[in-house]
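Peer 1: TSV, C-alpha atoms, saved as upload-v1.tsv, coming up:
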```
chain	number	residue	atom	x	y	z
A	1	MET	CA	0.00	0.00	0.00
A	2	ARG	CA	2.88	2.34	0.79
A	3	GLU	CA	4.34	1.76	-2.70
A	4	ILE	CA	0.95	2.42	-4.29
A	5	VAL	CA	0.64	5.73	-2.44
A	6	ARG	CA	4.22	6.61	-3.38
A	7	HIS	CA	3.70	5.93	-7.07
A	8	PHE	CA	0.38	7.78	-7.07
A	9	SER	CA	2.14	10.78	-5.58
A	10	ILE	CA	4.79	10.55	-8.30
A	11	TRP	CA	2.08	10.34	-10.96
A	12	LEU	CA	0.43	13.52	-9.63
A	13	ARG	CA	3.76	15.31	-9.91
A	14	LEU	CA	4.21	14.02	-13.46
A	15	VAL	CA	0.72	15.30	-14.31
A	16	ARG	CA	1.64	18.71	-12.90
A	17	ILE	CA	4.87	18.83	-14.91
A	18	ASN	CA	3.06	17.81	-18.10
A	19	PHE	CA	0.35	20.41	-17.56
A	20	MET	CA	2.94	23.15	-16.99
A	21	SER	CA	4.70	22.05	-20.18
A	22	GLN	CA	1.44	22.21	-22.15
A	23	MET	CA	0.70	25.68	-20.81
A	24	GLU	CA	3.90	26.94	-22.43
A	25	TYR	CA	2.13	26.50	-25.77
A	26	ARG	CA	-1.44	27.48	-24.93
A	27	ALA	CA	-2.55	27.75	-28.54
A	28	ASN	CA	-1.60	24.11	-29.05
A	29	PHE	CA	-3.44	23.18	-25.83
A	30	ILE	CA	-6.62	24.95	-26.98
A	31	THR	CA	-6.33	23.37	-30.43
A	32	GLY	CA	-6.13	19.96	-28.78
A	33	ILE	CA	-9.35	20.69	-26.86
A	34	MET	CA	-11.04	21.74	-30.10
A	35	MET	CA	-9.90	18.51	-31.75
A	36	GLU	CA	-11.40	16.51	-28.88
A	37	ALA	CA	-14.63	18.47	-29.34
A	38	GLY	CA	-14.66	17.37	-32.97
A	39	TYR	CA	-14.18	13.74	-31.96
A	40	LEU	CA	-16.98	14.13	-29.41
A	41	LEU	CA	-19.32	15.45	-32.10
A	42	ALA	CA	-18.52	12.41	-34.25
A	43	LYS	CA	-19.22	10.07	-31.34
A	44	THR	CA	-22.58	11.69	-30.63
A	45	MET	CA	-23.70	10.97	-34.19
A	46	TYR	CA	-24.61	7.46	-33.03
A	47	VAL	CA	-26.98	8.96	-30.49
A	48	ILE	CA	-28.41	11.43	-32.99
A	49	VAL	CA	-29.16	8.59	-35.39
A	50	ALA	CA	-30.78	6.56	-32.59
A	51	TYR	CA	-33.01	9.48	-31.56
A	52	SER	CA	-33.87	10.28	-35.18
A	53	ALA	CA	-34.92	6.69	-35.86
A	54	GLY	CA	-36.83	6.53	-32.59
A	55	LYS	CA	-36.35	2.76	-32.40
A	56	ARG	CA	-34.80	0.47	-29.82
A	57	ILE	CA	-31.45	-1.09	-30.66
A	58	GLY	CA	-30.92	-4.53	-29.17
A	59	GLY	CA	-33.64	-3.79	-26.64
A	60	PHE	CA	-32.16	-0.43	-25.61
A	61	SER	CA	-33.99	2.87	-26.04
A	62	PRO	CA	-32.23	5.97	-27.46
A	63	ASP	CA	-31.86	7.33	-23.91
A	64	GLU	CA	-30.18	4.10	-22.82
A	65	ILE	CA	-27.92	4.23	-25.88
A	66	LEU	CA	-26.89	7.69	-24.63
A	67	VAL	CA	-25.71	6.06	-21.37
A	68	PHE	CA	-23.54	3.65	-23.38
A	69	VAL	CA	-22.06	6.38	-25.53
A	70	GLY	CA	-21.51	8.59	-22.47
A	71	SER	CA	-19.63	5.80	-20.72
A	72	TYR	CA	-17.55	5.31	-23.86
A	73	VAL	CA	-16.73	9.03	-24.03
A	74	ALA	CA	-15.83	9.18	-20.33
A	75	LEU	CA	-13.48	6.19	-20.61
A	76	THR	CA	-12.00	7.70	-23.76
A	77	GLY	CA	-10.80	10.49	-21.47
A	78	PHE	CA	-8.68	7.95	-19.60
A	79	TYR	CA	-7.44	6.41	-22.83
A	80	ALA	CA	-6.65	9.62	-24.72
A	81	GLY	CA	-5.45	11.61	-21.71
A	82	VAL	CA	-3.49	9.00	-19.75
A	83	PHE	CA	-2.71	5.88	-21.79
A	84	ALA	CA	-2.43	6.54	-25.52
A	85	MET	CA	0.39	9.07	-25.54
A	86	ASN	CA	2.68	6.77	-23.57
A	87	LEU	CA	1.89	3.66	-25.56
A	88	PHE	CA	2.50	5.37	-28.90
A	89	GLN	CA	5.84	6.76	-27.69
A	90	LEU	CA	7.10	3.47	-26.25
A	91	SER	CA	8.39	2.34	-29.64
A	92	ARG	CA	10.44	5.53	-30.03
A	93	LEU	CA	11.91	5.21	-26.54
A	94	VAL	CA	13.13	1.70	-27.30
A	95	HIS	CA	14.32	2.54	-30.81
A	96	ASP	CA	16.51	5.52	-29.84
A	97	GLY	CA	17.68	4.11	-26.50
A	98	SER	CA	15.84	6.64	-24.32
A	99	PHE	CA	14.36	3.71	-22.46
A	100	ASP	CA	17.74	3.40	-20.72
A	101	LEU	CA	16.91	6.52	-18.70
A	102	ILE	CA	13.67	4.96	-17.50
A	103	LEU	CA	15.44	1.79	-16.37
A	104	VAL	CA	17.74	3.66	-14.00
A	105	LYS	CA	14.95	5.56	-12.22
A	106	PRO	CA	14.13	4.36	-8.66
A	107	VAL	CA	10.49	3.62	-9.53
A	108	ASN	CA	8.64	0.77	-11.20
A	109	THR	CA	9.74	0.67	-14.86
A	110	GLN	CA	6.33	-0.26	-16.24
A	111	PHE	CA	4.71	2.55	-14.26
A	112	LEU	CA	7.14	5.21	-15.46
A	113	ALA	CA	7.13	4.04	-19.09
A	114	THR	CA	3.35	3.98	-19.35
A	115	PHE	CA	2.30	6.91	-17.13
A	116	ARG	CA	5.02	9.51	-17.54
A	117	ARG	CA	3.10	11.56	-20.12
A	118	SER	CA	-0.46	12.83	-19.87
A	119	ASP	CA	-2.88	15.24	-21.52
A	120	MET	CA	-5.20	16.56	-18.84
A	121	GLY	CA	-7.04	18.73	-21.34
A	122	ALA	CA	-8.30	15.69	-23.24
A	123	PHE	CA	-8.83	13.78	-19.99
A	124	PHE	CA	-11.08	16.36	-18.34
A	125	PHE	CA	-12.93	17.33	-21.52
A	126	ASP	CA	-13.92	13.77	-22.45
A	127	THR	CA	-14.52	12.60	-18.88
A	128	ILE	CA	-16.79	15.51	-17.95
A	129	ALA	CA	-18.65	15.38	-21.28
A	130	GLY	CA	-19.15	11.62	-20.92
A	131	ILE	CA	-20.44	11.88	-17.35
A	132	ILE	CA	-22.92	14.56	-18.39
A	133	MET	CA	-24.18	12.30	-21.18
A	134	VAL	CA	-24.58	9.40	-18.73
A	135	ILE	CA	-26.51	11.58	-16.27
A	136	VAL	CA	-28.82	12.91	-18.99
A	137	GLY	CA	-29.43	9.42	-20.38
A	138	LEU	CA	-30.24	7.98	-16.95
A	139	ALA	CA	-32.52	10.89	-16.05
A	140	ARG	CA	-34.43	10.61	-19.32
A	141	SER	CA	-34.72	6.84	-18.76
A	142	GLY	CA	-36.38	7.47	-15.40
A	143	ILE	CA	-33.54	5.90	-13.39
A	144	ALA	CA	-32.83	7.51	-10.02
A	145	ILE	CA	-29.21	8.58	-9.65
A	146	ASP	CA	-28.35	7.63	-6.06
A	147	LEU	CA	-25.09	6.96	-4.23
A	148	PRO	CA	-24.97	3.17	-4.90
A	149	LEU	CA	-25.44	3.81	-8.62
A	150	VAL	CA	-22.72	6.48	-8.68
A	151	LEU	CA	-20.29	4.28	-6.75
A	152	GLY	CA	-21.10	1.23	-8.88
A	153	TRP	CA	-20.69	3.09	-12.16
A	154	SER	CA	-17.45	4.66	-10.92
A	155	PHE	CA	-16.11	1.27	-9.83
A	156	PHE	CA	-16.84	-0.46	-13.14
A	157	ALA	CA	-15.50	2.56	-15.05
A	158	SER	CA	-12.26	2.34	-13.05
A	159	ALA	CA	-12.15	-1.43	-13.57
A	160	GLY	CA	-12.73	-0.90	-17.28
A	161	ALA	CA	-9.89	1.61	-17.45
A	162	ALA	CA	-7.61	-0.94	-15.74
A	163	VAL	CA	-8.64	-3.66	-18.21
A	164	GLY	CA	-8.08	-1.31	-21.13
A	165	TYR	CA	-4.62	-0.44	-19.84
A	166	ALA	CA	-3.71	-4.14	-19.58
A	167	LEU	CA	-5.05	-4.93	-23.05
A	168	TRP	CA	-2.94	-2.21	-24.64
A	169	ILE	CA	0.20	-3.05	-22.65
A	170	ILE	CA	0.22	-6.72	-23.72
A	171	PRO	CA	0.70	-6.21	-27.50
A	172	MET	CA	3.04	-3.25	-26.98
A	173	THR	CA	5.53	-5.46	-25.12
A	174	LEU	CA	6.48	-6.78	-28.57
A	175	VAL	CA	8.45	-3.55	-28.96
A	176	PHE	CA	11.24	-5.04	-26.84
A	177	ARG	CA	11.65	-7.82	-29.41
A	178	ILE	CA	11.04	-6.07	-32.73
A	179	VAL	CA	12.01	-2.49	-31.67
A	180	ARG	CA	9.69	-0.69	-34.10
A	181	ALA	CA	6.08	-1.38	-33.18
A	182	ASP	CA	4.23	1.67	-34.53
A	183	ALA	CA	1.91	-0.53	-36.60
A	184	ILE	CA	1.07	-2.61	-33.54
A	185	ALA	CA	0.20	0.54	-31.60
A	186	GLY	CA	-2.08	1.64	-34.43
A	187	LEU	CA	-3.75	-1.77	-34.59
A	188	ALA	CA	-4.32	-1.79	-30.82
A	189	ASP	CA	-5.76	1.70	-31.07
A	190	THR	CA	-8.44	0.55	-33.52
A	191	PHE	CA	-9.79	-1.92	-30.95
A	192	TRP	CA	-10.99	1.00	-28.86
A	193	ASP	CA	-13.67	1.81	-31.43
A	194	PHE	CA	-15.37	-1.53	-30.80
A	195	ASN	CA	-16.86	0.18	-27.75
A	196	ASN	CA	-18.51	2.89	-29.83
A	197	VAL	CA	-21.84	1.09	-29.68
A	198	PRO	CA	-23.41	-1.38	-27.19
A	199	MET	CA	-22.02	-4.88	-27.52
A	200	VAL	CA	-25.55	-6.20	-28.20
A	201	VAL	CA	-25.01	-5.27	-31.85
A	202	TYR	CA	-22.56	-8.18	-32.08
A	203	ASN	CA	-23.59	-11.84	-32.15
A	204	ARG	CA	-23.28	-14.13	-29.14
A	205	ILE	CA	-19.87	-15.45	-30.15
A	206	GLY	CA	-18.57	-11.92	-30.60
A	207	GLN	CA	-19.95	-10.91	-27.23
A	208	ALA	CA	-18.41	-13.94	-25.49
A	209	VAL	CA	-15.00	-13.25	-27.02
A	210	GLY	CA	-15.25	-9.53	-26.23
A	211	VAL	CA	-16.19	-10.20	-22.61
A	212	PHE	CA	-14.08	-13.18	-21.54
A	213	VAL	CA	-11.25	-13.73	-24.05
A	214	ILE	CA	-10.27	-10.23	-25.16
A	215	PRO	CA	-12.43	-8.28	-22.68
A	216	ILE	CA	-12.77	-5.13	-24.74
A	217	PHE	CA	-16.46	-4.84	-23.83
A	218	VAL	CA	-15.68	-4.83	-20.11
A	219	ILE	CA	-14.15	-1.39	-20.56
A	220	THR	CA	-17.20	0.75	-21.39
A	221	ASN	CA	-20.18	-1.60	-21.64
A	222	PHE	CA	-20.08	-2.85	-18.05
A	223	PRO	CA	-20.39	0.60	-16.40
A	224	ALA	CA	-23.40	1.38	-18.62
A	225	LEU	CA	-25.02	-2.01	-18.04
A	226	PHE	CA	-24.61	-1.61	-14.27
A	227	ALA	CA	-26.14	1.87	-14.31
A	228	LEU	CA	-29.10	0.57	-16.34
A	229	GLY	CA	-29.54	-2.40	-14.01
A	230	ARG	CA	-28.84	-4.91	-16.78
A	231	LEU	CA	-25.51	-6.39	-15.69
A	232	PRO	CA	-25.95	-10.17	-15.16
A	233	PRO	CA	-24.45	-11.66	-11.96
A	234	VAL	CA	-21.79	-13.61	-13.90
A	235	TRP	CA	-20.68	-10.48	-15.71
A	236	PHE	CA	-20.80	-8.54	-12.43
A	237	ALA	CA	-18.31	-11.00	-10.91
A	238	TRP	CA	-16.19	-10.98	-14.07
A	239	GLY	CA	-16.11	-7.17	-14.02
A	240	ILE	CA	-14.46	-7.41	-10.60
A	241	ALA	CA	-12.07	-10.23	-11.49
A	242	ALA	CA	-10.99	-9.14	-14.99
A	243	PRO	CA	-8.85	-6.13	-13.91
A	244	VAL	CA	-6.95	-8.30	-11.45
A	245	ILE	CA	-6.43	-11.19	-13.87
A	246	PHE	CA	-5.43	-9.15	-16.91
A	247	GLY	CA	-3.41	-6.72	-14.81
A	248	TRP	CA	-1.35	-9.64	-13.54
A	249	ILE	CA	-0.99	-11.07	-17.06
A	250	ALA	CA	0.15	-7.71	-18.44
A	251	SER	CA	2.68	-7.25	-15.64
A	252	HIS	CA	4.05	-10.78	-16.11
A	253	ILE	CA	4.39	-10.33	-19.89
A	254	TRP	CA	6.02	-6.92	-19.42
A	255	ASN	CA	8.62	-8.27	-17.00
A	256	SER	CA	9.39	-11.15	-19.37
A	257	ALA	CA	9.56	-8.96	-22.46
A	258	ILE	CA	11.76	-6.29	-20.94
A	259	LYS	CA	14.54	-8.86	-20.60
A	260	GLN	CA	14.80	-8.72	-24.40
A	261	TYR	CA	15.68	-5.02	-24.33
A	262	ALA	CA	19.18	-4.65	-25.75
A	263	SER	CA	19.75	-1.05	-24.54
A	264	GLY	CA	21.07	1.88	-26.50
A	265	GLY	CA	18.64	1.35	-29.38
A	266	ASN	CA	20.47	-1.77	-30.56
```
Starting from the file, give its structure as structure tokens.
Peer 2:
Amino acid sequence: MREIVRHFSIWLRLVRINFMSQMEYRANFITGIMMEAGYLLAKTMYVIVAYSAGKRIGGFSPDEILVFVGSYVALTGFYAGVFAMNLFQLSRLVHDGSFDLILVKPVNTQFLATFRRSDMGAFFFDTIAGIIMVIVGLARSGIAIDLPLVLGWSFFASAGAAVGYALWIIPMTLVFRIVRADAIAGLADTFWDFNNVPMVVYNRIGQAVGVFVIPIFVITNFPALFALGRLPPVWFAWGIAAPVIFGWIASHIWNSAIKQYASGGN
């Protein structure tokens, strides 16, 4: 627990340093926010289409679809603001030997390599926008927003973020073997869009694979399903276990893969 608190404190300092660095180029910071607003508009097109059609999709009303999309947008804040930048830069760090500097730091190597950079503008913009969408969708669906619902949604959103982190770490560990893994990062990035719509649009096999094998749907579908009161007991239990299981797998694979690092970009 002491190490967790220590690393969290370090992460807060890294966030502060990154934010100060971004504020040196405020025009770029504002442009980044505007770009996120454009992405948000594209994401809301799904909701607009659902409301325009006025039909239920997989048994979900347009208001309930808004809860799914809102959860997706909120979790995108974690992905775009905390994870993505580090994962896309990992290949460069290994290629030019900058990873050597991370190895000599007195903190967990995986932590520093995957959390050293952040974009709090994207994080707060998407997270706040997503939460607002979830609240509106729940209110329009006639669902009371009480403390258990808030805590449950927050827990499964946090668990989903942890699962997403593990799923993106696992393929990126290949960078220690093949050095240049930009294409792998791009391929992993495309998996995020599978959460754009509720998983009910996929067949049963697709849902089973996306829940238990490559648990991409655990990331944003589970928080929405819990808030709507439609999370089955088995999935509820899996939503608790998946972050622990895949977090351990990702850590084990990382520690094994890092032994292949040749240092100095060789």
Peer 1: Just checking: using only C-alpha atoms, which residue out of A:Trp11, A:Phe217, A:Phe236, A:Phe212 ends up closest to Phe115 (chain A)?
Peer 2: A:Trp11
Peer 1: Which residues, written as a PyMOL selection string, have at least one atom at most 10 Å from Met172 (chain A), with only C-alpha atoms counted and residues fewer than 3 positions away on the same chain left out?
Peer 2: chain A and resi 87-88+90-91+167-169+175-176+181-182+184-185+188+254+257
Peer 1: Between A:Tyr202, A:Phe19, A:Phe99, A:Phe83, which one has atoms that come closest to Gly121 (chain A), using all atoms listed in the file?
Peer 2: A:Phe19
Peer 1: Between CA of Asn18 (chain A) and CA of Phe156 (chain A), what distance in Å does the model show, to one decimal?
Peer 2: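 Spanning CA of Asn18 (chain A) to CA of Phe156 (chain A) is a straight-line distance of 27.5 Å.
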Peer 1: May I ask for the distance between CA of Gly130 (chain A) and CA of Gly229 (chain A), given in Å to one decimal place?
Peer 2: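 Atom-to-atom, CA of Gly130 (chain A) to CA of Gly229 (chain A), that is 18.8 Å.
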Peer 1: Please determine, counting all atoms listed in the file, which residue among A:Phe194, A:Val218, A:Asn28, A:Leu75 has the shortest atom-to-atom distance to Leu231 (chain A).
Peer 2: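 Of A:Phe194, A:Val218, A:Asn28, A:Leu75, the one nearest Leu231 (chain A), counting all atoms listed in the file, is A:Val218.
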Peer 1: Go through A:Gly137, A:Pro233, A:Pro243, A:Gly58 and flag the residue nearest Pro198 (chain A), using all atoms listed in the file for the distances.
Peer 2: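 Among the listed residues, A:Gly58 lies closest to Pro198 (chain A).
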Peer 1: Ranking A:Leu14, A:Ala162, A:Ala208, A:Leu66 by minimum distance to Ile132 (chain A) and counting only C-alpha atoms, which one comes first?
Peer 2: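 Going through A:Leu14, A:Ala162, A:Ala208, A:Leu66 one by one, the smallest distance to Ile132 (chain A) is for A:Leu66.
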Peer 1: Pick from A:Asp189, A:Leu149, A:Gln110, A:Pro223: nearest to Ile253 (chain A), with all atoms listed in the file counted?
Peer 2: A:Gln110
Peer 1: Work out how far apart CA of Val136 (chain A) and CA of Ser158 (chain A) are and give it in Å to one decimal.
Peer 2: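 Going from CA of Val136 (chain A) over to CA of Ser158 (chain A), I get 20.5 Å.
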Peer 1: Neighbours of Asn108 (chain A) within 12 Å (only C-alpha atoms; same-chain residues fewer than 6 positions away dropped), as a PyMOL selection string?
Peer 2: chain A and resi 3-4+6-8+10-11+102+114-116+251+254-255
Peer 1: I'd like the contact shell of Ala37 (chain A) - 10 Å cut-off, all atoms listed in the file, skipping same-chain residues fewer than 6 positions apart - returned as a list in words.
Peer 2: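 Near Ala37 (chain A), the qualifying residues are Thr31, Lys43, Ala122, Phe125, Asp126 and Ala129 of chain A.
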Peer 1: Any idea what's packed within 12 Å of Val69 (chain A), counting all atoms listed in the file, ignoring anything in its chain fewer than 2 positions away? Could you give it as an NGL selection string?
Peer 2: :A and (40-48 or 50 or 62-67 or 71-76 or 126-127 or 129-138 or 193-199 or 220-221 or 223-225)
Peer 1: For C-alpha atoms, I'd like the residues from the last selection saved as an mmCIF file, in the coordinates of the input.
Peer 2:
```
data_model
loop_
_atom_site.group_PDB
_atom_site.id
_atom_site.type_symbol
_atom_site.label_atom_id
_atom_site.label_comp_id
_atom_site.auth_asym_id
_atom_site.auth_seq_id
_atom_site.Cartn_x
_atom_site.Cartn_y
_atom_site.Cartn_z
ATOM 1 C CA LEU A 40 -16.980 14.130 -29.410
ATOM 2 C CA LEU A 41 -19.320 15.450 -32.100
ATOM 3 C CA ALA A 42 -18.520 12.410 -34.250
ATOM 4 C CA LYS A 43 -19.220 10.070 -31.340
ATOM 5 C CA THR A 44 -22.580 11.690 -30.630
ATOM 6 C CA MET A 45 -23.700 10.970 -34.190
ATOM 7 C CA TYR A 46 -24.610 7.460 -33.030
ATOM 8 C CA VAL A 47 -26.980 8.960 -30.490
ATOM 9 C CA ILE A 48 -28.410 11.430 -32.990
ATOM 10 C CA ALA A 50 -30.780 6.560 -32.590
ATOM 11 C CA PRO A 62 -32.230 5.970 -27.460
ATOM 12 C CA ASP A 63 -31.860 7.330 -23.910
ATOM 13 C CA GLU A 64 -30.180 4.100 -22.820
ATOM 14 C CA ILE A 65 -27.920 4.230 -25.880
ATOM 15 C CA LEU A 66 -26.890 7.690 -24.630
ATOM 16 C CA VAL A 67 -25.710 6.060 -21.370
ATOM 17 C CA SER A 71 -19.630 5.800 -20.720
ATOM 18 C CA TYR A 72 -17.550 5.310 -23.860
ATOM 19 C CA VAL A 73 -16.730 9.030 -24.030
ATOM 20 C CA ALA A 74 -15.830 9.180 -20.330
ATOM 21 C CA LEU A 75 -13.480 6.190 -20.610
ATOM 22 C CA THR A 76 -12.000 7.700 -23.760
ATOM 23 C CA ASP A 126 -13.920 13.770 -22.450
ATOM 24 C CA THR A 127 -14.520 12.600 -18.880
ATOM 25 C CA ALA A 129 -18.650 15.380 -21.280
ATOM 26 C CA GLY A 130 -19.150 11.620 -20.920
ATOM 27 C CA ILE A 131 -20.440 11.880 -17.350
ATOM 28 C CA ILE A 132 -22.920 14.560 -18.390
ATOM 29 C CA MET A 133 -24.180 12.300 -21.180
ATOM 30 C CA VAL A 134 -24.580 9.400 -18.730
ATOM 31 C CA ILE A 135 -26.510 11.580 -16.270
ATOM 32 C CA VAL A 136 -28.820 12.910 -18.990
ATOM 33 C CA GLY A 137 -29.430 9.420 -20.380
ATOM 34 C CA LEU A 138 -30.240 7.980 -16.950
ATOM 35 C CA ASP A 193 -13.670 1.810 -31.430
ATOM 36 C CA PHE A 194 -15.370 -1.530 -30.800
ATOM 37 C CA ASN A 195 -16.860 0.180 -27.750
ATOM 38 C CA ASN A 196 -18.510 2.890 -29.830
ATOM 39 C CA VAL A 197 -21.840 1.090 -29.680
ATOM 40 C CA PRO A 198 -23.410 -1.380 -27.190
ATOM 41 C CA MET A 199 -22.020 -4.880 -27.520
ATOM 42 C CA THR A 220 -17.200 0.750 -21.390
ATOM 43 C CA ASN A 221 -20.180 -1.600 -21.640
ATOM 44 C CA PRO A 223 -20.390 0.600 -16.400
ATOM 45 C CA ALA A 224 -23.400 1.380 -18.620
ATOM 46 C CA LEU A 225 -25.020 -2.010 -18.040
#
```
